[in-house]
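Have a look at the structure below, then the notes.
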Amino acid sequence: MPRLTDLNDVLFPVAEHPVFVSMPNGDGERHVSVPDKKAIVNMARNRVLGIVSRDYRLVSNREALAWAYQCCRTVFPETQPTEWDVNATDAPSTGGHCIIDLKHNSTALDFTFVPPHQRPEAFGPFIRVTNSYNGLRALGFDIGFFRKICKNGMIVPGTIIQFKFTHLRRDLGETITFDVALDRLAKVKSSFREYLGALSDCTVEHADFVQMLMAVMRIKQPAPLKPESTEAAEWAALDAHLHEIADRYFHELGGNAYAVFNTITDFASHPPANRLLHRDRHSLQRRAGLWLADFSQKCRQSDFDLREYLKTLNTNLEDSGSLS
């Protein structure tokens with residue numbers, strides 16, 4: 001289904017409404033209140049977005065976005081609110097949850113990395129806010145980095161912004177305070193350059209690009225595939241897309257893990273609409289960040305063996321925040 005990618009499409013008004021159950025009552029019905037539940041409703045379309053507990057604290061996407069601007073100023077105190085722009089919006093067509101990215105609108109926060117025999121490449125940070133109306137996702141703020149030439153990005157693993165709360169009144173008040181580990185942010189930025197340098201020094205054969213991409217993104221070919229079925233057509237389209245971006249970065253950046261990194265972040269940042277792909281952009285970019293931190297450490301070890309690494313990658317990559 002098409003996704004909501006325009007900011008105005010996710011800033012619809014929302015409200016809380018009581019929940020009732022229709023019960024048989026002789027020849028008719030009676031409506032019984034459900035006191036410990038309430039409905040979150042998209043008032044523009046009169047659509048129920050979620051049924052939540054009585055203690056659920058509703059945060060509109062507009063309110064979450066205002067807090068995201070506050071977060072940007074806390075993480076980067078040398079900047080002004082007017083220097084941050086909404087760069088990307090992503091939500092399912094239902095509008096049950098969304099992610100919004102804010103990026104700095106100048107080069108002041110950029111840093112460069114110089115691949116071997118290449119021109120310097122600029123990278124910049126972004127702040128992502130995640131919000132939901134169905135209680136399935138916590139209100140959260142994450143930091144990521146993106147390659148400016150192609151807008152490919154990843155979410156940094158670990159905690160820099162000390163704020164993530166469930167939508168409960170006991171956890172989330174009318175105002176919030178961000179506790180930002182600025183020392184860790186500086187370390188991550190420095191380490192990021194080291195990570196990319198390690199990737200450039202690691203040789204990867206062209207034939208391994210797609211295998212690594214599939215392993216990191218948790219993509220597996222369905223089996224068995226029925227010829228001429230919808231599933232077979234979806235797999236053919238996805239497989240063609242995987243090979244296209246792998247070929248593109250291999251020819252652009254060469255046979256090394258830095259090219260694989262760009263293949264992975266390209267796919268994560270621009271996931272195709274495909275029924276076989278069940279992860280959203282946030283989850284995919286988070287996997288890209290976890291892989292970068294893990295692989296850049298392992299590939300520098302004297303006994304590193306890419307073949308053995310590939311054998312274990314599929315079974316070790318977990319959503320828990322670790323690759324081991």
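Every chain in the structure tokens has a letter given in the order shown (A, B, ...), and although residue numbers restart at 1 in each chain, ligands are simply numbered from 1 in the order shown.
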
Please build the interface table for stretch 149-230 of chain A against stretch 71-74 of chain A with a cut-off of 9 Å, listing for each qualifying residue the nearest atom pair and the distance in Å to one decimal; count only C-alpha atoms, order rows by chain and increasing number, and write it as a Markdown table.
| residue | atom | partner | partner_atom | distance |
| --- | --- | --- | --- | --- |
| A:Ile161 | CA | A:Cys71 | CA | 8.4 |
| A:Thr177 | CA | A:Cys71 | CA | 8.8 |
| A:Phe178 | CA | A:Cys71 | CA | 6.7 |
| A:Asp179 | CA | A:Thr74 | CA | 8.2 |
| A:Val180 | CA | A:Thr74 | CA | 7.1 |

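Distances here use only C-alpha atoms; by that measure, the residue among A:Ser132, A:Thr112, A:Gln221, A:Thr94 closest to A:Phe146 is A:Thr112.
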
From the DSSP assignment of the backbone, select every residue of stretch 1-200 of chain A that is strand (DSSP E), and format the answer as a short mmCIF file (atom, residue, chain, number, x, y, z; two decimals) with C-alpha atoms, in the first residue's frame.
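What ended up in result-v7.cif:
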data_model
loop_
_atom_site.label_atom_id
_atom_site.label_comp_id
_atom_site.auth_asym_id
_atom_site.auth_seq_id
_atom_site.Cartn_x
_atom_site.Cartn_y
_atom_site.Cartn_z
CA VAL A 14 -6.40 13.59 16.60
CA ALA A 15 -8.62 13.17 19.64
CA GLU A 16 -9.51 10.67 22.34
CA HIS A 17 -12.97 9.08 22.38
CA PRO A 18 -14.65 6.60 24.75
CA VAL A 19 -15.02 3.00 23.67
CA PHE A 20 -18.34 1.15 23.76
CA VAL A 21 -19.27 -2.46 23.09
CA SER A 22 -22.51 -3.29 21.32
CA MET A 23 -24.35 -5.96 23.35
CA PRO A 24 -27.53 -7.90 22.44
CA ASN A 25 -30.53 -6.66 24.41
CA GLY A 28 -32.20 -4.64 20.03
CA GLU A 29 -28.77 -3.66 21.25
CA ARG A 30 -27.34 -1.67 24.10
CA HIS A 31 -23.95 0.02 24.21
CA VAL A 32 -21.78 -0.76 27.20
CA SER A 33 -18.87 1.50 28.08
CA VAL A 34 -15.34 0.02 28.29
CA PRO A 35 -13.96 2.18 31.13
CA ASP A 36 -10.29 1.13 30.92
CA LYS A 37 -9.98 1.75 27.17
CA LYS A 38 -10.22 4.71 24.78
CA ALA A 39 -9.96 5.21 21.05
CA ILE A 40 -7.49 7.49 19.25
CA VAL A 41 -9.29 8.95 16.24
CA ASN A 42 -8.09 10.73 13.10
CA ARG A 47 -10.91 6.84 11.40
CA VAL A 48 -9.97 4.93 14.55
CA LEU A 49 -6.16 4.68 14.70
CA GLY A 50 -5.87 2.58 17.83
CA ILE A 51 -7.54 1.34 21.00
CA VAL A 52 -5.34 2.18 23.98
CA SER A 53 -5.42 2.04 27.77
CA TRP A 84 16.59 22.64 10.93
CA ASP A 85 14.17 21.45 8.24
CA VAL A 86 11.94 18.43 7.86
CA ASN A 87 13.77 16.33 5.30
CA ALA A 88 11.73 13.13 5.24
CA THR A 89 8.42 11.79 6.49
CA ASP A 90 7.35 8.16 6.46
CA HIS A 97 2.61 5.70 13.43
CA CYS A 98 5.19 7.84 11.67
CA ILE A 99 8.82 8.88 11.59
CA ILE A 100 9.99 12.41 10.76
CA ASP A 101 13.60 13.37 10.03
CA LEU A 102 15.07 16.82 10.70
CA LYS A 103 18.31 17.83 8.98
CA HIS A 104 20.47 20.91 9.38
CA PHE A 111 32.26 16.23 8.33
CA THR A 112 34.25 14.59 5.58
CA PHE A 113 35.65 11.18 4.81
CA GLU A 121 32.67 12.83 0.76
CA ALA A 122 30.52 14.89 3.11
CA PHE A 123 28.38 13.33 5.83
CA GLY A 124 25.87 15.07 8.06
CA PRO A 125 23.73 14.24 11.09
CA PHE A 126 19.95 14.06 11.34
CA ILE A 127 17.47 13.75 14.20
CA ARG A 128 14.57 11.31 13.86
CA VAL A 129 11.39 11.39 15.92
CA THR A 130 9.15 8.32 16.05
CA ASN A 131 5.55 8.63 17.25
CA SER A 132 2.51 6.36 17.24
CA LEU A 139 7.82 8.12 21.49
CA GLY A 140 11.53 8.23 20.68
CA PHE A 141 14.30 10.39 19.26
CA ASP A 142 17.33 8.97 17.46
CA ILE A 143 20.40 10.39 15.78
CA GLY A 144 21.75 9.19 12.45
CA PHE A 145 24.27 10.09 9.77
CA PHE A 146 23.79 10.34 6.04
CA ARG A 147 26.00 10.60 2.97
CA ASN A 152 21.75 7.38 2.14
CA GLY A 153 21.58 7.16 5.91
CA MET A 154 21.73 4.97 9.00
CA ILE A 155 20.71 5.18 12.64
CA ILE A 161 19.69 10.95 23.31
CA GLN A 162 18.47 9.77 26.71
CA LYS A 164 12.33 7.25 25.04
CA PHE A 165 9.04 6.79 26.82
CA ASP A 179 19.54 14.30 28.51
CA VAL A 180 22.11 14.18 25.73
#

What lies within 12 Å of A:Ala223 using only C-alpha atoms, ignoring chain neighbours under 5 positions off, as a CSV table (one decimal) with N, CA and C atoms, in the first residue's frame?
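Output saved as result.csv:
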chain,number,residue,atom,x,y,z
A,231,GLU,N,3.8,-14.0,-5.7
A,231,GLU,CA,5.0,-14.1,-4.8
A,231,GLU,C,6.3,-14.2,-5.7
A,232,ALA,N,6.2,-15.0,-6.7
A,232,ALA,CA,7.4,-15.1,-7.6
A,232,ALA,C,7.7,-13.8,-8.3
A,235,TRP,N,9.3,-11.5,-5.8
A,235,TRP,CA,10.7,-11.8,-5.5
A,235,TRP,C,11.6,-11.4,-6.7

Might you pull out every residue within 8 Å of A:Asn274, with only C-alpha atoms counted and same-chain residues fewer than 3 positions away left off, and present them as JSON, numbers by chain?
{"A": [234, 238, 277]}

As a ChimeraX atom specification, please: the residues near A:Glu83 (cut-off 8 Å, only C-alpha atoms, same-chain neighbours under 4 positions excluded).
/A:79,104-106

Would you mind listing, for every residue of stretch 166-231 of chain A within 9 Å of stretch 246-256 of chain A, the two atoms forming the shortest contact and the distance between them in Å to one decimal, using only C-alpha atoms, sorted by chain and ascending residue number, as a Markdown table?
| residue | atom | partner | partner_atom | distance |
| --- | --- | --- | --- | --- |
| A:Leu199 | CA | A:Asn256 | CA | 6.7 |
| A:Ser200 | CA | A:Asn256 | CA | 5.7 |
| A:Asp201 | CA | A:Asn256 | CA | 7.0 |
| A:Cys202 | CA | A:Asn256 | CA | 5.4 |
| A:Thr203 | CA | A:Asn256 | CA | 4.3 |
| A:Val204 | CA | A:Asn256 | CA | 4.7 |
| A:Glu205 | CA | A:Gly255 | CA | 5.6 |
| A:His206 | CA | A:Gly255 | CA | 6.1 |
| A:Phe209 | CA | A:Ala246 | CA | 5.9 |
| A:Val210 | CA | A:Ala246 | CA | 6.2 |
| A:Leu213 | CA | A:Ala246 | CA | 8.3 |

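For the pair atom CA of A:Phe192 and atom CA of A:Thr5, the interatomic distance is 28.7 Å.
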